Every structure is written in C-alpha cells, then in structure tokens.
Amino acid sequence: MSWLQRDKKGLKTQPRLARKEIPDGLWMKCPSCGEILFRQELEKSSWVCSRCQNHFRVAADIYLGFMLDEGSFRETHMGLTSLDPLEFKVRDEAYVEKLKEAQAKSGLDDAVITGVGEVGGHAVTVAVMDFRFMGGSMGSVVGEKIARSIRDSIESGRPLIIVSQSGGARMQESILSLMQMAKTAALLGRLREKHIPYISILTHPTTGGVTASFAMLGDLILAEPKALIGFAGPRVIQQTINAELPEGFQTSEFLEEHGQVDRVVGRHELRRVLAQSLRFFSQERRVVARPETQPAQRQPHADEELPRLLKRASGYPFVAGDDSA
Ligand SMILES: [Zn+2]
C-alpha cells in the first residue's frame, strides 16, 4: 500500500500528532537565515545561530550571564517606577496602563537592570537594557538607574559597563526622557575626570537618544555583530539628505570600519575581551593615578541636587520607589 493512501477516512496523520506533543518554544526559527534551531542548543551557544551567527536579542538577565563571573551579580536600585507626570495618553491608551502591561509581561520595573558584579575577577558596575520593556526606551527611570550606576562607579572606583539595547527616548515621557541624555552624559564626564573606565556595549538595536548620549561615550565601544546602530532611521536620513545610503549603513561592521565603534565582538569572546580590557585599564590607571594618598573629602555632587531641582521646576516627582540597594 502506498504510504500516501489512508485506509480510513479522518485518520490523523502521524506528523501532526508528533507536532502536537512538542511543547511551544522547543524549536526556534532564526529570524536572519530561517534555520530551525533547537532551543536548548541555542541557550548553550549564548543565543547565537550556529548557521549564520545571528545574535538573538535576549533579556537583560540572560545578557548578564554572558559577561559576569557566575554568582557574582548583585542587583541595585530596584523598585523604581515612573509616575507619569504628563498623564500621557495615545488615543484611549494611558501610559500608566502600558507601563503596567510591560511590567507584567517582562517581570521588570522598567527597561534596565543595574547592579554590581565581576568579570574575570575584576569588580564592575553594570547596567543592561532590556528591549522587551517598551522597546528598551529610555524614560526617567532608565535615565535615573543609569545615572545612579555611574555614580556608584564614581564613588567606588569600579569600572562601568553599560549594555545598550533601545529604540531611543520614551515618547510618553516627552522632555523628561530627553533630560536623561544630559544627566547621564554629564555624570560620565565626571567619571572620566576620575579616570574610571567605561565600556559601552551596543547590541541590536541601539538607536535614538540612547545612541546620542551614554551609548557613544564609552572609553571603549564594543558592538555585537550585525547590530543596527544609529540615531535616526535610514528612511528619514535618506529623505533628508536626498542621497542613496551606502551598503551596510548603520550596522556594527560599518561603524567599526568608519571609526565609530572600536571593535565588533561576538558573544563567544565577549567575556574574554572584557576581562582583557579591564586588566589593561587597571594597569593604565596605576600609571595615571596621582601620588596623593589622602582620600579626598566627599563633596556633595551637583547631580544629587539635579532631581530635586528638576522636581521643583516641574512640580512633579519623576520616579517612585525606594532604593533598596
Ligand atoms: Zn541564522
């Protein structure tokens, strides 16, 4: 009998039965090359496609695992949430509702996780953005948590690592999200004055206000292969300058070739490159460190005043929650 014939009508075919038994998400399709990949294998290979080396976008906690020594991470600045001072609404959807939805879906308070940990035995301050939370957009909570992490580095002397993954500033917070660009950039300036290294890692995608502030201010700027990195989208640029854009425009590789990114680093070598860089920086810092041994008296920082000043200026607090770190 032919394999294609059925002796009874309505008999279910074996493949369909087999498919039903496979739980959702056991196999995943590579969005870049279309290869069907076994989820467990993907996890083992740091979520990199074995066929085309596409780096899957991952949650912030998974990314922390690519960089940090096992068991070294301690989360800081938890419990901060936006208060929606502008009472923003798109049609009938309120920003507060969107926030609640994103929090329930991702299990995060907002689009960044901050903390301290170690890379190859070097103590670091880290902040990792998460695209699942409203496209990794930067509102006042993201800005504040990143600002606090920079301040942690300034106070402790620990090098800073920020992993960016963002669609840009959060439009629902309007000018308040744009203020985060100035706040984080100013603090990074202070970090630089203290000769404390900052490594910026750009992942897919890094765009808008994040690119235009802390993401591009690293002493060392690393990028994941084939990540989209830019400020405005290619269509907007094309229409503005009225010219054909070059091949590979706004990719990590293009930016590396043109000097805007120091090195494109795949996930498999990320930990090694980070540890090597941190070792190099620690030797450099010993050379530039001033001979004075007296610890400087801690001066109140201007940025500690900033949230208070801004709060007074607008009449609204920006973020709620206490710093449990
Ligand atoms: Zn692939």
# chains A, B, ... in the order shown; residues from 1 in each chain; ligands from 1
>>> select_by_dssp(residues="stretch 42-234 of chain A", states="strand (DSSP E or B)", output="short mmCIF file (atom, residue, chain, number, x, y, z; two decimals) with C-alpha atoms, in the first residue's frame")
data_model
loop_
_atom_site.label_atom_id
_atom_site.label_comp_id
_atom_site.auth_asym_id
_atom_site.auth_seq_id
_atom_site.Cartn_x
_atom_site.Cartn_y
_atom_site.Cartn_z
CA VAL A 48 23.94 32.70 18.59
CA HIS A 55 22.93 37.11 17.71
CA ARG A 74 24.02 41.70 42.94
CA GLU A 75 21.17 43.88 41.71
CA THR A 76 20.97 47.54 42.75
CA THR A 81 8.86 53.12 38.57
CA SER A 82 7.65 56.05 36.53
CA LYS A 89 -2.35 59.09 26.54
CA VAL A 90 -2.34 57.75 22.98
CA GLU A 93 -4.46 54.01 25.97
CA ALA A 94 -2.91 55.63 29.04
CA VAL A 112 17.11 48.40 32.53
CA ILE A 113 18.70 46.17 35.19
CA THR A 114 21.57 47.63 37.20
CA GLY A 115 23.95 46.04 39.63
CA VAL A 116 27.47 45.11 40.59
CA GLY A 117 29.43 42.00 39.69
CA GLU A 118 32.77 40.67 38.48
CA VAL A 119 34.27 39.99 35.07
CA HIS A 122 37.51 42.50 38.15
CA ALA A 123 34.74 44.22 40.12
CA VAL A 124 32.45 46.27 37.87
CA THR A 125 29.23 48.27 37.93
CA VAL A 126 26.82 47.11 35.23
CA ALA A 127 23.63 48.32 33.59
CA VAL A 128 21.90 46.19 30.95
CA MET A 129 18.93 47.45 28.97
CA MET A 138 14.70 55.50 27.90
CA LEU A 160 31.41 50.77 34.43
CA ILE A 161 29.83 48.56 31.75
CA ILE A 162 26.58 49.57 30.06
CA VAL A 163 24.85 47.29 27.55
CA SER A 164 22.54 49.30 25.31
CA GLN A 165 19.50 47.94 23.51
CA SER A 166 16.99 50.63 22.80
CA ALA A 169 13.90 58.09 24.21
CA TYR A 198 33.61 52.98 30.99
CA ILE A 199 32.95 50.21 28.45
CA SER A 200 29.85 50.62 26.29
CA ILE A 201 28.41 47.55 24.57
CA LEU A 202 25.97 48.18 21.73
CA THR A 203 23.51 45.45 20.86
CA HIS A 204 20.70 45.21 18.33
CA PRO A 205 19.23 47.81 18.12
CA THR A 206 20.85 50.87 19.69
CA LEU A 220 35.85 51.59 24.75
CA ILE A 221 32.86 50.99 22.49
CA LEU A 222 32.12 47.37 21.60
CA ALA A 223 29.26 46.21 19.38
CA LEU A 228 21.63 48.18 14.00
CA ILE A 229 23.25 51.26 15.50
#
>>> residues_near_ligand(ligand="ligand 1", cutoff="7 Å", atoms="only C-alpha atoms and all ligand atoms", output="number ranges by chain")
A: 30-35, 49-54
>>> atom_distance(atom1="atom CA of A:Asp262", atom2="atom CA of A:Gln180")
24.7 Å
>>> closest_residue(among="A:Glu87, A:Asp130, A:Asp69, A:Glu173", to="A:Gln103", atoms="only C-alpha atoms")
A:Asp130
>>> residues_around(residues="A:Gly168", least_positions_apart="4", cutoff="6 Å", atoms="only C-alpha atoms", output="PDB file with C-alpha atoms, in the first residue's frame")
ATOM      1  CA  SER A 137      13.008  53.030  25.556  1.00  0.00           C
ATOM      2  CA  THR A 207      19.165  53.999  18.365  1.00  0.00           C
ATOM      3  CA  GLY A 208      17.815  57.471  19.127  1.00  0.00           C
ATOM      4  CA  GLY A 209      18.513  59.244  22.405  1.00  0.00           C
ATOM      5  CA  VAL A 210      20.493  56.323  23.814  1.00  0.00           C
TER       6      VAL A 210
END
>>> residues_around(residues="A:Arg267", least_positions_apart="4", cutoff="9 Å", atoms="only C-alpha atoms", output="ChimeraX atom specification")
/A:45-48,55,66-67,224-225,271
>>> atom_distance(atom1="atom CA of A:Leu108", atom2="atom CA of A:Leu187")
24.8 Å
>>> residues_around(residues="A:Gly157", least_positions_apart="5", cutoff="12 Å", atoms="only C-alpha atoms", output="VMD selection string")
chain A and resid 122 to 125 149 to 152 190 to 198 282 285 289
